[in-house]
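Colleague: The following file, run-v3.txt, comprises compact mmCIF, C-alpha atoms:
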# COMPACT_ATOMS: atom_id res chain seq x y z
CA SER A 18 -6.45 11.72 -5.85
CA GLN A 19 -5.64 8.17 -6.77
CA GLN A 20 -3.32 7.55 -9.66
CA GLY A 21 -4.59 4.17 -10.66
CA GLU A 22 -7.93 2.94 -11.77
CA GLU A 23 -8.55 -0.77 -11.67
CA ASP A 24 -11.10 -2.92 -13.37
CA PRO A 25 -13.07 -4.87 -12.76
CA GLN A 26 -13.97 -3.70 -9.27
CA ALA A 27 -15.02 -7.24 -8.45
CA LEU A 28 -14.40 -10.59 -10.10
CA SER A 29 -15.96 -13.95 -9.25
CA ILE A 30 -14.58 -17.14 -10.79
CA GLN A 31 -14.34 -20.87 -10.20
CA GLU A 32 -11.21 -22.66 -9.03
CA GLY A 33 -8.98 -23.54 -11.92
CA GLU A 34 -10.01 -20.57 -14.04
CA ASN A 35 -7.72 -17.67 -14.86
CA ALA A 36 -8.27 -14.21 -13.37
CA THR A 37 -7.25 -11.02 -15.13
CA MET A 38 -7.18 -7.62 -13.49
CA ASN A 39 -6.35 -4.35 -15.19
CA CYS A 40 -4.84 -1.14 -13.92
CA SER A 41 -4.53 2.23 -15.63
CA TYR A 42 -2.55 5.21 -14.43
CA LYS A 43 -2.18 8.84 -15.41
CA THR A 44 1.41 10.04 -15.18
CA SER A 45 4.92 8.79 -15.80
CA ILE A 46 6.06 6.01 -13.55
CA ASN A 47 9.33 4.55 -12.37
CA ASN A 48 7.75 1.19 -11.66
CA LEU A 49 4.39 -0.46 -11.02
CA GLN A 50 3.75 -2.96 -8.27
CA TRP A 51 0.94 -5.35 -7.45
CA TYR A 52 -0.11 -6.16 -3.90
CA ARG A 53 -2.66 -8.53 -2.37
CA GLN A 54 -4.73 -7.87 0.72
CA ASN A 55 -6.72 -10.46 2.62
CA SER A 56 -9.79 -9.29 4.55
CA GLY A 57 -8.61 -5.81 5.52
CA ARG A 58 -5.23 -6.95 6.76
CA GLY A 59 -1.79 -5.84 5.68
CA LEU A 60 -0.74 -5.88 2.06
CA VAL A 61 1.56 -8.49 0.59
CA HIS A 62 3.86 -7.58 -2.28
CA LEU A 63 3.36 -9.78 -5.34
CA ILE A 64 5.47 -8.42 -8.17
CA LEU A 65 7.26 -5.28 -9.36
CA ILE A 66 7.66 -4.33 -13.01
CA ARG A 67 9.91 -1.47 -14.06
CA SER A 68 8.94 1.10 -16.64
CA ASN A 69 11.38 -0.37 -19.17
CA GLU A 70 9.97 -3.89 -18.81
CA ARG A 71 6.99 -5.24 -20.71
CA GLU A 72 6.25 -8.53 -19.02
CA LYS A 73 7.19 -10.33 -15.86
CA HIS A 74 6.35 -13.72 -14.39
CA SER A 75 6.33 -15.07 -10.86
CA GLY A 76 4.88 -18.53 -10.33
CA ARG A 77 1.22 -18.40 -11.41
CA LEU A 78 1.37 -14.61 -11.82
CA ARG A 79 1.99 -12.78 -15.07
CA VAL A 80 2.16 -9.00 -15.21
CA THR A 81 2.29 -6.88 -18.33
CA LEU A 82 3.01 -3.19 -18.63
CA ASP A 83 2.19 -0.94 -21.57
CA THR A 84 3.64 2.51 -20.87
CA SER A 85 2.24 3.93 -24.12
CA LYS A 86 -1.28 3.13 -22.90
CA LYS A 87 -0.40 3.73 -19.26
CA SER A 88 -1.84 0.40 -18.27
CA SER A 89 -0.91 -2.88 -16.65
CA SER A 90 -2.58 -6.22 -16.21
CA LEU A 91 -2.21 -8.98 -13.65
CA LEU A 92 -3.05 -12.52 -14.69
CA ILE A 93 -3.44 -15.27 -12.11
CA THR A 94 -3.53 -18.67 -13.76
CA ALA A 95 -5.24 -21.77 -12.38
CA SER A 96 -6.86 -19.84 -9.52
CA ARG A 97 -7.32 -21.39 -6.11
CA ALA A 98 -9.76 -20.59 -3.31
CA ALA A 99 -6.75 -19.24 -1.37
CA ASP A 100 -6.33 -16.54 -4.04
CA THR A 101 -9.53 -14.88 -2.77
CA ALA A 102 -8.43 -11.39 -1.79
CA SER A 103 -8.29 -7.79 -2.96
CA TYR A 104 -5.58 -6.95 -5.47
CA PHE A 105 -4.08 -3.47 -5.81
CA CYS A 106 -1.78 -1.90 -8.30
CA ALA A 107 0.56 0.78 -6.99
CA THR A 108 2.72 3.16 -8.95
CA ALA A 109 5.99 4.79 -8.01
CA LEU A 110 5.95 8.10 -9.83
CA THR A 111 8.80 10.05 -11.37
CA GLY A 112 9.28 13.77 -10.94
CA ASP A 113 7.79 16.08 -8.37
CA SER A 114 4.64 14.03 -7.87
CA GLY A 115 6.54 11.06 -6.61
CA GLY A 116 9.88 10.32 -5.20
CA TYR A 117 11.48 7.63 -3.08
CA ASN A 118 8.98 5.18 -1.63
CA LYS A 119 5.73 7.05 -2.10
CA LEU A 120 3.30 4.65 -3.75
CA ILE A 121 -0.01 5.65 -5.30
CA PHE A 122 -2.56 2.87 -5.07
CA GLY A 123 -5.48 2.03 -7.28
CA ALA A 124 -8.92 1.28 -5.90
CA GLY A 125 -8.36 -2.47 -6.12
CA THR A 126 -10.12 -5.50 -7.53
CA ARG A 127 -11.95 -7.87 -5.19
CA LEU A 128 -11.38 -11.42 -6.40
CA ALA A 129 -13.54 -14.31 -5.19
CA VAL A 130 -12.49 -17.81 -6.21
CA HIS A 131 -15.15 -20.43 -5.55
CA PRO A 132 -14.28 -24.09 -4.91
CA LYS B 23 13.48 -12.05 10.07
CA ALA B 24 10.48 -10.78 11.92
CA GLY B 25 8.01 -8.84 9.82
CA VAL B 26 6.73 -5.32 10.30
CA THR B 27 4.87 -4.98 13.57
CA GLN B 28 2.29 -2.37 14.48
CA THR B 29 0.81 -1.55 17.84
CA PRO B 30 -1.87 -1.37 18.93
CA ARG B 31 -3.88 -3.49 16.52
CA TYR B 32 -7.21 -1.96 17.46
CA LEU B 33 -8.07 1.37 19.00
CA ILE B 34 -11.26 3.19 19.89
CA LYS B 35 -11.14 6.92 20.54
CA THR B 36 -13.64 9.76 20.75
CA ARG B 37 -13.70 12.93 18.70
CA GLY B 38 -11.23 15.55 19.81
CA GLN B 39 -8.80 13.09 21.36
CA GLN B 40 -5.37 12.35 19.98
CA VAL B 41 -3.78 9.02 19.17
CA THR B 42 -0.28 7.65 18.64
CA LEU B 43 0.39 4.58 16.55
CA SER B 44 3.65 2.69 16.52
CA CYS B 45 5.50 0.77 13.84
CA SER B 46 8.62 -1.39 14.05
CA PRO B 47 10.14 -2.07 10.62
CA ILE B 48 11.92 -5.19 9.47
CA SER B 49 15.44 -5.29 10.87
CA GLY B 50 17.80 -3.41 8.56
CA HIS B 51 15.04 -1.45 6.81
CA ARG B 52 15.58 2.28 7.12
CA SER B 53 12.55 3.59 5.24
CA VAL B 54 9.14 3.61 6.91
CA SER B 55 5.97 4.78 5.18
CA TRP B 56 2.46 5.22 6.49
CA TYR B 57 -0.81 4.78 4.62
CA GLN B 58 -4.44 5.34 5.52
CA GLN B 59 -7.05 2.96 4.14
CA THR B 60 -10.76 3.80 4.15
CA PRO B 61 -13.67 2.36 2.16
CA GLY B 62 -14.32 5.73 0.54
CA GLN B 63 -10.82 6.98 -0.28
CA GLY B 64 -8.94 3.70 -0.55
CA LEU B 65 -5.24 3.55 0.23
CA GLN B 66 -3.65 6.96 0.61
CA PHE B 67 -0.03 7.81 1.29
CA LEU B 68 0.53 9.76 4.49
CA PHE B 69 4.29 10.20 4.76
CA GLU B 70 7.66 8.48 4.56
CA TYR B 71 10.57 8.64 6.95
CA PHE B 72 14.19 7.77 6.29
CA SER B 73 17.05 8.24 8.73
CA GLU B 74 14.80 10.15 11.13
CA THR B 75 13.79 12.65 8.42
CA GLN B 76 10.46 13.04 6.71
CA ARG B 77 11.29 12.49 3.07
CA ASN B 78 7.85 12.64 1.50
CA LYS B 79 4.40 13.75 2.54
CA GLY B 80 0.90 13.13 1.22
CA ASN B 81 -2.06 15.49 1.17
CA PHE B 82 -3.22 15.26 4.73
CA PRO B 83 -3.87 18.07 7.22
CA GLY B 84 -1.32 19.06 9.80
CA ARG B 85 -3.21 17.05 12.43
CA PHE B 86 -1.37 14.06 11.02
CA SER B 87 2.27 13.92 11.99
CA GLY B 88 4.97 11.38 12.48
CA ARG B 89 8.51 10.79 13.48
CA GLN B 90 11.22 8.19 13.21
CA PHE B 91 13.71 7.17 15.84
CA SER B 92 17.36 6.27 15.46
CA ASN B 93 16.49 2.56 15.48
CA SER B 94 14.13 3.19 12.50
CA ARG B 95 11.00 2.61 14.57
CA SER B 96 8.32 5.11 13.67
CA GLU B 97 5.29 6.65 15.27
CA MET B 98 2.44 8.59 13.78
CA ASN B 99 0.19 10.90 15.69
CA VAL B 100 -3.26 12.21 14.89
CA SER B 101 -4.47 15.11 16.98
CA THR B 102 -8.02 16.40 17.41
CA LEU B 103 -9.56 13.25 16.01
CA GLU B 104 -12.50 13.49 13.64
CA LEU B 105 -15.02 10.80 12.71
CA GLY B 106 -13.48 10.65 9.25
CA ASP B 107 -10.16 9.55 10.72
CA SER B 108 -11.64 6.11 11.35
CA ALA B 109 -9.53 3.89 9.15
CA LEU B 110 -6.98 1.13 8.88
CA TYR B 111 -3.53 2.68 9.27
CA LEU B 112 -0.82 0.69 7.57
CA CYS B 113 2.88 0.97 8.07
CA ALA B 114 5.37 -0.31 5.50
CA SER B 115 9.12 -0.62 5.54
CA SER B 116 11.60 -1.05 2.74
CA LEU B 117 15.26 -1.78 2.26
CA ASP B 118 16.01 1.58 0.76
CA GLY B 119 18.84 1.69 -1.72
CA GLY B 120 18.20 5.25 -2.79
CA SER B 121 16.08 4.22 -5.73
CA VAL B 122 12.46 5.14 -6.39
CA GLY B 123 9.67 2.79 -5.50
CA ALA B 124 11.32 0.01 -3.53
CA THR B 125 9.23 -3.02 -2.58
CA GLN B 126 7.19 -2.25 0.50
CA TYR B 127 6.68 -4.74 3.33
CA PHE B 128 3.47 -3.98 5.17
CA GLY B 129 2.48 -4.53 8.75
CA PRO B 130 -0.96 -5.88 9.78
CA GLY B 131 -2.29 -2.39 10.41
CA THR B 132 -3.93 -0.55 13.27
CA ARG B 133 -7.69 -0.24 13.00
CA LEU B 134 -8.79 3.06 14.50
CA LEU B 135 -12.42 3.77 15.28
CA VAL B 136 -13.38 7.31 16.22
CA LEU B 137 -16.72 7.70 18.00
The structure given in the file should be rewritten as structure tokens.

Modeller:
Amino acid sequence: SQQGEEDPQALSIQEGENATMNCSYKTSINNLQWYRQNSGRGLVHLILIRSNEREKHSGRLRVTLDTSKKSSSLLITASRAADTASYFCATALTGDSGGYNKLIFGAGTRLAVHP
Amino acid sequence: KAGVTQTPRYLIKTRGQQVTLSCSPISGHRSVSWYQQTPGQGLQFLFEYFSETQRNKGNFPGRFSGRQFSNSRSEMNVSTLELGDSALYLCASSLDGGSVGATQYFGPGTRLLVL
């Protein structure tokens, strides 16, 4: 079963607007990662946030992590048409459920940015 | 550096056949993981190999197997194909430092259609 639940499932915005995607998970994590996928192709790593971090930035991306609520959010500022893609959160679990490089992915958010 | 490569990119098989997919990781990466992506189940972890040893395994039947060679290249095999095995199979490599949840670098995937 999937660890993460993401919402919304789909998001449609205009260029220049901000896009926020949320991810919730169920068990203890070592870190949480966000990936982007264009049209059923391979995934591209966006950002990794460790369990002892609360916020991280990378360019137009801002990720927050709240381990008490077991949730994370990805904010894309000033969206562009090229940001149109599916976005997935993935958790690296601690303990017996996880280990090494096993990632558990959420269902993803489909983002459409209209010119 | 060249990225992760997967061959073949597309494959059509019939039920009952078997298939072998190949993955070449980024040079210097010793960890290779495999994921299955379907519209219904999303992205699911299959297994991870490190130094020719399976280090982690997901919840898939024994028909799914894999191996890793001394040059870190990996293959996965699916025997007795079923219609439900139609999916995008993604390979990912990482520069494993022994920690949990390293950043994964994904290949473009192999799209398998079982008729």

Colleague: Give me the residues of chain A that have any atom at most 9 Å from an atom of chain B; for each, the nearest atom pair and the distance in Å, rounded to one decimal. Use only C-alpha atoms, sort by chain and number, and format it as JSON lines.

Modeller:
{"residue": "A:Ser18", "atom": "CA", "partner": "B:Gln66", "partner_atom": "CA", "distance": 8.5}
{"residue": "A:Gln19", "atom": "CA", "partner": "B:Gln66", "partner_atom": "CA", "distance": 7.7}
{"residue": "A:Asn47", "atom": "CA", "partner": "B:Val122", "partner_atom": "CA", "distance": 6.8}
{"residue": "A:Asn48", "atom": "CA", "partner": "B:Gly123", "partner_atom": "CA", "distance": 6.6}
{"residue": "A:Leu49", "atom": "CA", "partner": "B:Gly123", "partner_atom": "CA", "distance": 8.3}
{"residue": "A:Gln50", "atom": "CA", "partner": "B:Thr125", "partner_atom": "CA", "distance": 7.9}
{"residue": "A:Gly57", "atom": "CA", "partner": "B:Leu110", "partner_atom": "CA", "distance": 7.9}
{"residue": "A:Arg58", "atom": "CA", "partner": "B:Pro130", "partner_atom": "CA", "distance": 5.3}
{"residue": "A:Gly59", "atom": "CA", "partner": "B:Pro130", "partner_atom": "CA", "distance": 4.2}
{"residue": "A:Leu60", "atom": "CA", "partner": "B:Phe128", "partner_atom": "CA", "distance": 5.6}
{"residue": "A:Val61", "atom": "CA", "partner": "B:Phe128", "partner_atom": "CA", "distance": 6.7}
{"residue": "A:His62", "atom": "CA", "partner": "B:Gln126", "partner_atom": "CA", "distance": 6.9}
{"residue": "A:Ile64", "atom": "CA", "partner": "B:Thr125", "partner_atom": "CA", "distance": 8.6}
{"residue": "A:Leu65", "atom": "CA", "partner": "B:Thr125", "partner_atom": "CA", "distance": 7.4}
{"residue": "A:Thr108", "atom": "CA", "partner": "B:Gly123", "partner_atom": "CA", "distance": 7.8}
{"residue": "A:Ala109", "atom": "CA", "partner": "B:Gly123", "partner_atom": "CA", "distance": 4.9}
{"residue": "A:Leu110", "atom": "CA", "partner": "B:Gly123", "partner_atom": "CA", "distance": 7.8}
{"residue": "A:Thr111", "atom": "CA", "partner": "B:Val122", "partner_atom": "CA", "distance": 7.9}
{"residue": "A:Gly115", "atom": "CA", "partner": "B:Asn78", "partner_atom": "CA", "distance": 8.4}
{"residue": "A:Gly116", "atom": "CA", "partner": "B:Val122", "partner_atom": "CA", "distance": 5.9}
{"residue": "A:Tyr117", "atom": "CA", "partner": "B:Val122", "partner_atom": "CA", "distance": 4.3}
{"residue": "A:Asn118", "atom": "CA", "partner": "B:Gly123", "partner_atom": "CA", "distance": 4.6}
{"residue": "A:Lys119", "atom": "CA", "partner": "B:Gly123", "partner_atom": "CA", "distance": 6.7}
{"residue": "A:Leu120", "atom": "CA", "partner": "B:Phe67", "partner_atom": "CA", "distance": 6.8}
{"residue": "A:Ile121", "atom": "CA", "partner": "B:Phe67", "partner_atom": "CA", "distance": 6.9}
{"residue": "A:Phe122", "atom": "CA", "partner": "B:Leu65", "partner_atom": "CA", "distance": 6.0}
{"residue": "A:Gly123", "atom": "CA", "partner": "B:Leu65", "partner_atom": "CA", "distance": 7.7}
{"residue": "A:Ala124", "atom": "CA", "partner": "B:Gly64", "partner_atom": "CA", "distance": 5.9}
{"residue": "A:Gly125", "atom": "CA", "partner": "B:Gly64", "partner_atom": "CA", "distance": 8.3}

Colleague: Go ahead and write the selection's residues with C-alpha atoms as an mmCIF file, in the frame of the given file.

Modeller:
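Okay, this is what ended up in out-v9.cif:
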data_model
loop_
_atom_site.group_PDB
_atom_site.id
_atom_site.type_symbol
_atom_site.label_atom_id
_atom_site.label_comp_id
_atom_site.auth_asym_id
_atom_site.auth_seq_id
_atom_site.Cartn_x
_atom_site.Cartn_y
_atom_site.Cartn_z
ATOM 1 C CA SER A 18 -6.450 11.720 -5.850
ATOM 2 C CA GLN A 19 -5.640 8.170 -6.770
ATOM 3 C CA ASN A 47 9.330 4.550 -12.370
ATOM 4 C CA ASN A 48 7.750 1.190 -11.660
ATOM 5 C CA LEU A 49 4.390 -0.460 -11.020
ATOM 6 C CA GLN A 50 3.750 -2.960 -8.270
ATOM 7 C CA GLY A 57 -8.610 -5.810 5.520
ATOM 8 C CA ARG A 58 -5.230 -6.950 6.760
ATOM 9 C CA GLY A 59 -1.790 -5.840 5.680
ATOM 10 C CA LEU A 60 -0.740 -5.880 2.060
ATOM 11 C CA VAL A 61 1.560 -8.490 0.590
ATOM 12 C CA HIS A 62 3.860 -7.580 -2.280
ATOM 13 C CA ILE A 64 5.470 -8.420 -8.170
ATOM 14 C CA LEU A 65 7.260 -5.280 -9.360
ATOM 15 C CA THR A 108 2.720 3.160 -8.950
ATOM 16 C CA ALA A 109 5.990 4.790 -8.010
ATOM 17 C CA LEU A 110 5.950 8.100 -9.830
ATOM 18 C CA THR A 111 8.800 10.050 -11.370
ATOM 19 C CA GLY A 115 6.540 11.060 -6.610
ATOM 20 C CA GLY A 116 9.880 10.320 -5.200
ATOM 21 C CA TYR A 117 11.480 7.630 -3.080
ATOM 22 C CA ASN A 118 8.980 5.180 -1.630
ATOM 23 C CA LYS A 119 5.730 7.050 -2.100
ATOM 24 C CA LEU A 120 3.300 4.650 -3.750
ATOM 25 C CA ILE A 121 -0.010 5.650 -5.300
ATOM 26 C CA PHE A 122 -2.560 2.870 -5.070
ATOM 27 C CA GLY A 123 -5.480 2.030 -7.280
ATOM 28 C CA ALA A 124 -8.920 1.280 -5.900
ATOM 29 C CA GLY A 125 -8.360 -2.470 -6.120
#

Colleague: Take atom CA of Gly76 of chain A and atom CA of Trp51 of chain A and report the distance between them in Å, one decimal.

Modeller: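 Here the two named atoms are 14.1 Å from each other.
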
Colleague: Give me, please, the distance in Å between atom CA of Leu137 of chain B and atom CA of Thr27 of chain B, quoted to one decimal.

Modeller: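 If I compute the distance from atom CA of Leu137 of chain B to atom CA of Thr27 of chain B, I get 25.4 Å.
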
Colleague: One decimal, Å: what's the distance from atom CA of Arg31 of chain B over to atom CA of Cys45 of chain B, could you say?

Modeller: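 Result for atom CA of Arg31 of chain B versus atom CA of Cys45 of chain B: 10.6 Å, one decimal.
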
Colleague: Could you give me, as a list of chain:residue names, the residues within 10 Å of Gln26 of chain A, counting all atoms listed in the file and dropping anything in the same chain fewer than 4 positions from it?

Modeller: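 Near neighbours after the sequence-gap exclusion: A:Glu22, A:Met38, A:Asn39, A:Ser103, A:Tyr104, A:Ala124, A:Gly125, A:Thr126, A:Arg127, A:Leu128.
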
Colleague: Go through A:Ala36, A:Val80, A:Leu28, A:Leu63 and flag the residue nearest Ile93 of chain A, using only C-alpha atoms for the distances.

Modeller: A:Ala36

Colleague: Please list as a list in words every residue within 6 Å of segment 95-97 of chain A, counting all atoms listed in the file and excluding residues in the same chain fewer than 3 positions away.

Modeller: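 In the requested form, the answer reads Glu32, Gly33, Glu34, Asn35 and Asp100 of chain A.
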
Colleague: Pick out the residues sitting within 10 Å of Ser87 of chain B, and hand them over as an mmCIF file with C-alpha atoms, in the coordinates of the input; count all atoms listed in the file, and ignore anything fewer than 3 positions along from it in its own chain.

Modeller:
data_model
loop_
_atom_site.group_PDB
_atom_site.id
_atom_site.type_symbol
_atom_site.label_atom_id
_atom_site.label_comp_id
_atom_site.auth_asym_id
_atom_site.auth_seq_id
_atom_site.Cartn_x
_atom_site.Cartn_y
_atom_site.Cartn_z
ATOM 1 C CA THR B 42 -0.280 7.650 18.640
ATOM 2 C CA LEU B 68 0.530 9.760 4.490
ATOM 3 C CA PHE B 69 4.290 10.200 4.760
ATOM 4 C CA GLN B 76 10.460 13.040 6.710
ATOM 5 C CA LYS B 79 4.400 13.750 2.540
ATOM 6 C CA PHE B 82 -3.220 15.260 4.730
ATOM 7 C CA PRO B 83 -3.870 18.070 7.220
ATOM 8 C CA GLY B 84 -1.320 19.060 9.800
ATOM 9 C CA GLU B 97 5.290 6.650 15.270
ATOM 10 C CA MET B 98 2.440 8.590 13.780
ATOM 11 C CA ASN B 99 0.190 10.900 15.690
ATOM 12 C CA VAL B 100 -3.260 12.210 14.890
ATOM 13 C CA SER B 101 -4.470 15.110 16.980
#

Colleague: Find the residues around Arg95 of chain B up to 8 Å (only C-alpha atoms counted), leave out those fewer than 2 positions away in its own chain, and share them as a list of chain:residue names.

Modeller: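 What passes the distance filter is B:Ser44, B:Cys45, B:Ser46, B:Pro47, B:Val54, B:Gln90, B:Phe91, B:Ser92, B:Asn93, B:Glu97.
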
Colleague: Would you mind exporting C-alpha atoms of the selected residues as a PDB file, in the coordinates of the input?

Modeller:
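Ended up saving to out_26.pdb:
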ATOM      1  CA  SER B  44       3.650   2.690  16.520  1.00  0.00           C
ATOM      2  CA  CYS B  45       5.500   0.770  13.840  1.00  0.00           C
ATOM      3  CA  SER B  46       8.620  -1.390  14.050  1.00  0.00           C
ATOM      4  CA  PRO B  47      10.140  -2.070  10.620  1.00  0.00           C
ATOM      5  CA  VAL B  54       9.140   3.610   6.910  1.00  0.00           C
ATOM      6  CA  GLN B  90      11.220   8.190  13.210  1.00  0.00           C
ATOM      7  CA  PHE B  91      13.710   7.170  15.840  1.00  0.00           C
ATOM      8  CA  SER B  92      17.360   6.270  15.460  1.00  0.00           C
ATOM      9  CA  ASN B  93      16.490   2.560  15.480  1.00  0.00           C
ATOM     10  CA  GLU B  97       5.290   6.650  15.270  1.00  0.00           C
TER      11      GLU B  97
END

Colleague: Taking 6 positions as the minimum chain separation for residues in the same chain, which residues sit within 8 Å of Ser29 of chain A when counting only C-alpha atoms? Answer as a PDB file with C-alpha atoms, keeping the file's coordinate frame.

Modeller:
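Okay, selection.pdb is ready:
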ATOM      1  CA  LEU A 128     -11.380 -11.420  -6.400  1.00  0.00           C
ATOM      2  CA  ALA A 129     -13.540 -14.310  -5.190  1.00  0.00           C
ATOM      3  CA  VAL A 130     -12.490 -17.810  -6.210  1.00  0.00           C
ATOM      4  CA  HIS A 131     -15.150 -20.430  -5.550  1.00  0.00           C
TER       5      HIS A 131
END

Colleague: Tell me which of A:Pro132, A:Thr94, A:Thr81, A:Lys86 sits closest to Ser41 of chain A, counting only C-alpha atoms.

Modeller: A:Lys86
